[in-house]
Amino acid sequence: MIRDLLQRAPMRRLLVVLGVVAVIELITGPPGSNQYPTSGFTGSYAEAASFFGIFRTQRWLVFLALALVAWGVVELWTRFGTAIRSRGSHALAGPRQMTEKRPVRVGFALVLFVLGILLPHIVNNAFWQSALVTYVAIYVLLAIGLNVVVGFAGLLDLGYVAFYAIGAYTTAWVTGALPTPPPFGHPLDAFWAIPFAVVFVVIAGVLLGAPTLRLRGDYLAIVTLGFGEIITIFANNLYGITGGSTGTKQIPHPVFHVGPIKYTWGLAPVPYYYLALGSVVLFLVIFSLLQRSRVGRAWTAIREDEVAAESLGINPLKFKVMAFAVGAASAGFAGVITASADNFLFPSSFTLVFSINILVLVILGGMGSISGVVVGAIIIQVIQAYLNHTPPSGYQQPDLYIYVGALLITMMIFRPAGLIPSRQRRREITLYEKSHEGHPDEVLLGDDV
Amino acid sequence: MGSFGHYLATHFDTLKAEFWFLFVGGVANGLLYAMVAVGYTLVYGVLRLINFAHSEIFMSGGFAGYFVLRAMVGATVPAGMTSVLIIVLGIAAAGTAGAAAATLVERVAYRPLRRRRAPQLAYLISAIGASYFLFNLAGKEFGHLSVSDPQPYINHTVFTIFGAPVLMYDLIILVVSVVMFIALDWLVGRTRLGRGIRSVAQDAETASLMGVNIDRTIAITFIVGGALGGVAGFLYGLNIGVVYNMGFVPALKAFTAAVLGGIGNLRGAVVGGLLLGIVENLCVVFVQAAYIDVVAFGILVLVLLVRPTGILGERLGRTA
């Protein structure tokens with residue numbers, strides 16, 4: 001009887017929805033502790049809580065109601081989803097064609113750019129003004145850089161934080177904030193860190209990439225992960241060179257001094273925002289030009305089918321190393337800006353967690369889609385800034401990573417190409433999945449990407 | 001150069017003096033790595049991918065064992081049969097927790113992608129997501145600080161080899177891991193189930209034509225690997241303590257061990273684990289303790305570059 005019931009598709013979907021909602025109930029609930037390891041569970045499932053300050057009731061009641069509503073939506077979607085979707089894509093076909101026209105795209109980008117310039121004057125709130133730099137602009141810069149590696153070339157790099165760390169440490173070194181004497185014997189302005197940082201990260205990218213990029217995708221991921229860890233270990237322990245675990249707290253603010261023009265960046269966040277915005281625009285232009293160039297086409301070819309690309313005369317290793325180095329450059333830039341805006345740096349800020357966070361920004365927006373990655377990064381970072389600024393009850397900062405993990409799985413299951421996928425990438429994934437239909441061997445896994 | 005020669009000479013003297021002591025510790029660590037490495041290798045065999053969430057299976061075992069010890073051990077350290085009972089219960093709980101976590105990961109992060117025939121990058125990302133979700137959830141529920149396990153036995157020296165003490169802890173690891181390795185070898189090499197696992201690893205399409213249920217075989221592979229990983233987590237936590245991110249470094253080393261021995265090769269994973277544990281422990285003489293992890297990653301990169309098939313060679317779907 002029960003088994004018959006469970007065989008039915010709606011019942012199975014109800015169970016899945018209930019399970020998902022139970023997990024959401026747990027991860028949004030109060031935290032436990034090592035003294036009271038069950039308090040998180042009892043607090044989530046068996047206690048009352050206030051909801052938006054409006055009403056106060058048992059958590060499970062609210063979530064059960066939520067689950068039933070969600071189930072209703074799922075049932076309606078399975079019945080009418082295809083029709084709605086086809087009608088939607090029909091209605092959107094016109095606007096979508098518009099966005100493919102070059103003048104429209106350029107105009108849209110210009111509007112966004114002007115909005116970006118005006119933004120710090122629109123928000124006009126001390127926290128959000130500094131959040132625009134520390135949470136948003138820097139991360140956009142990092143995300144578009146990682147997008148070159150993961151999105152364009154299809155290489156999973158879990159040690160991306162290392163390049164960011166190299167950029168930040170170079171700034172500290174050039175400005176004389178580290179125990180190591182600065183280059184040429186005397187401290188230089190933070191702007192001089194930019195050429196040094198770019199050269200160093202590119203060298204690091206080539207040094208790491210040249211031996212490891214021959215490896216298969218999954219091996220590469222784990223080797224880059226190890227590389228990121230090694231950089232942190234060195235930063236933490238080489239007291240005489242990096243200042244060890246205490247890092248440094250005396251990186252000076254940058255000064256722009258060319259001829260009669262002199263501008264000093266201070267504590268105010270807005271000037272840094274413009275510095276970061278300028279870098280973002282610079283890299284956006286470079287990366288979109290690269291994407292459309294011979295190099296970009298070579299990356300696509302390698303990502304889609306390495307063997308075929310090689311047989312067409314493309315040297316995969318060369319272009320993969322290039323992707324690593326180019327992607328690293330923007331991380332180096334981001335490191336310079338962060339270090340000079342914060343004035344301090346600690347090795348504990350450069351951990352694996354950081355690399356994964358950047359990866360999430362790339363995946364949410366859509367691997368390989370520059371506009372998608374920018375939008376995805378802005379969405380997640382604004383949410384993160386909001387949660388840290390005004391945390392809901394029971395929220396601790398590391399909880400964000402739980403949501404991030406869940407988001408990664410959900411995206412891979414339902415929308416692997418991202419929120420705003422690049423057309424090419426989406427086509428690639430559907431073609432791949434279609435071409436492997438009916439081959440149970442490939443069902444397990446396709447060939448090595 | 002003279003000073004470097006002097007450096008080597010003094011350190012070799014230390015190595016000679018401390019060799020057996022470090023060797024015993026290395027074997028114990030290596031057996032733990034091997035237990036985790038077997039999980040990587042099993043999953044790699046049937047799915048051709050690294051299970052990035054394996055570190056969290058290790059962590060689940062650590063916490064399950066911790067809760068058993070919390071419930072069972074009172075104010076005094078138990079001895080005799082009580083200790084044995086507690087250890088066995090801890091192992092059972094940790095193995096179950098590891099298997100449950102592995103099943104969860106397989107069902108949620110892998111199976112939907114397999115149904116959709118997703119490309120490899122998608123699997124890696126979804127596994128990283130699962131790992132991230134699980135260890136941060138553990139951090140939320142059980143706190144972000146390390147706690148030490150209540151001790152279920154008196155950790156005394158049982159006997160000595162060449163003057164190096166072998167502790168009760170080392171002996172427990174030895175007995176438990178050897179029993180599990182023999183059982184696993186028998187399971188994969190001699191049973192019908194093991195034949196299924198091997199056939200899926202060799203050629204999943206043909207296996208499915210011959211009536212092997214692929215979904216079931218993959219699920220069982222995760223359960224077996226997960227149980228071993230969970231038990232390893234318990235034994236590791238017994239000495240070091242448990243914390244939400246405890247799995248990260250040991251799992252990375254276990255992966256190194258699996259590659260070192262030859263991925264997909266069960267006996268290779270054991271050899272690789274032992275070798276890595278011993279080499280790593282002996283390196284303590286030459287480098288500061290903080291850089292030990294660098295040594296392990298260095299070995300990983302070196303193996304991947306020089307001999308990516310490992311010492312015993314990649315063996316997918318064959319015994320030994």
# chains A, B, ... in the order shown; residues from 1 in each chain; ligands from 1

$ residues_around --residues "Ser55 (chain B)" --least-positions-apart "2" --cutoff "10 Å" --atoms "only C-alpha atoms" --output "PyMOL selection string"
chain B and resi 36+40+51-53+57-60+131+134-135+229-230+233+245-252+254-255

$ closest_atom_pairs --of "region 262-361 of chain A" --to "region 424-428 of chain A" --cutoff "10 Å" --atoms "only C-alpha atoms" --output "tab-separated table"
residue	atom	partner	partner_atom	distance
A:Thr300	CA	A:Arg425	CA	9.1
A:Arg303	CA	A:Glu428	CA	9.8
A:Glu304	CA	A:Glu428	CA	7.4

$ write_last_selection --atoms "C-alpha atoms" --output "CSV table (one decimal), in the first residue's frame"
chain,number,residue,atom,x,y,z
A,300,THR,CA,37.2,27.3,-26.9
A,303,ARG,CA,37.8,23.2,-24.0
A,304,GLU,CA,35.5,21.5,-26.4

$ select_by_dssp --residues "region 4-82 of chain A" --states "strand (DSSP E or B)" --output "PDB file with N, CA and C atoms, in the first residue's frame"
ATOM      1  N   ALA A  48      10.252  27.353  18.739  1.00  0.00           N
ATOM      2  CA  ALA A  48       9.558  28.463  18.104  1.00  0.00           C
ATOM      3  C   ALA A  48      10.577  29.529  17.719  1.00  0.00           C
ATOM      4  N   ALA A  49      10.222  30.307  16.732  1.00  0.00           N
ATOM      5  CA  ALA A  49      11.106  31.396  16.329  1.00  0.00           C
ATOM      6  C   ALA A  49      10.256  32.512  15.776  1.00  0.00           C
ATOM      7  N   SER A  50      10.841  33.703  15.777  1.00  0.00           N
ATOM      8  CA  SER A  50      10.126  34.856  15.239  1.00  0.00           C
ATOM      9  C   SER A  50      10.425  34.965  13.748  1.00  0.00           C
ATOM     10  N   PHE A  51       9.387  35.196  12.954  1.00  0.00           N
ATOM     11  CA  PHE A  51       9.586  35.295  11.506  1.00  0.00           C
ATOM     12  C   PHE A  51       9.409  36.729  11.053  1.00  0.00           C
ATOM     13  N   PHE A  55       5.394  37.463  13.187  1.00  0.00           N
ATOM     14  CA  PHE A  55       4.698  36.505  14.041  1.00  0.00           C
ATOM     15  C   PHE A  55       5.712  35.529  14.608  1.00  0.00           C
ATOM     16  N   ARG A  56       5.300  34.804  15.636  1.00  0.00           N
ATOM     17  CA  ARG A  56       6.202  33.904  16.313  1.00  0.00           C
ATOM     18  C   ARG A  56       5.518  32.551  16.433  1.00  0.00           C
ATOM     19  N   THR A  57       6.154  31.527  15.864  1.00  0.00           N
ATOM     20  CA  THR A  57       5.522  30.209  15.948  1.00  0.00           C
ATOM     21  C   THR A  57       6.595  29.137  15.812  1.00  0.00           C
ATOM     22  N   GLN A  58       6.179  27.869  15.867  1.00  0.00           N
ATOM     23  CA  GLN A  58       7.117  26.768  15.698  1.00  0.00           C
ATOM     24  C   GLN A  58       7.730  26.826  14.301  1.00  0.00           C
TER      25      GLN A  58
END

$ select_by_dssp --residues "region 205-313 of chain B" --states "helix (DSSP H, G or I)" --output "count of residues only"
82

$ atom_distance --atom1 "CA of Ile356 (chain A)" --atom2 "CA of Phe133 (chain B)"
11.7 Å

$ residues_around --residues "Phe286 (chain B)" --least-positions-apart "2" --cutoff "9 Å" --atoms "only C-alpha atoms" --output "list in words"
Tyr7, Leu8, His11, Phe12, Leu15, Leu282, Cys283, Val284 and Gln288 of chain B
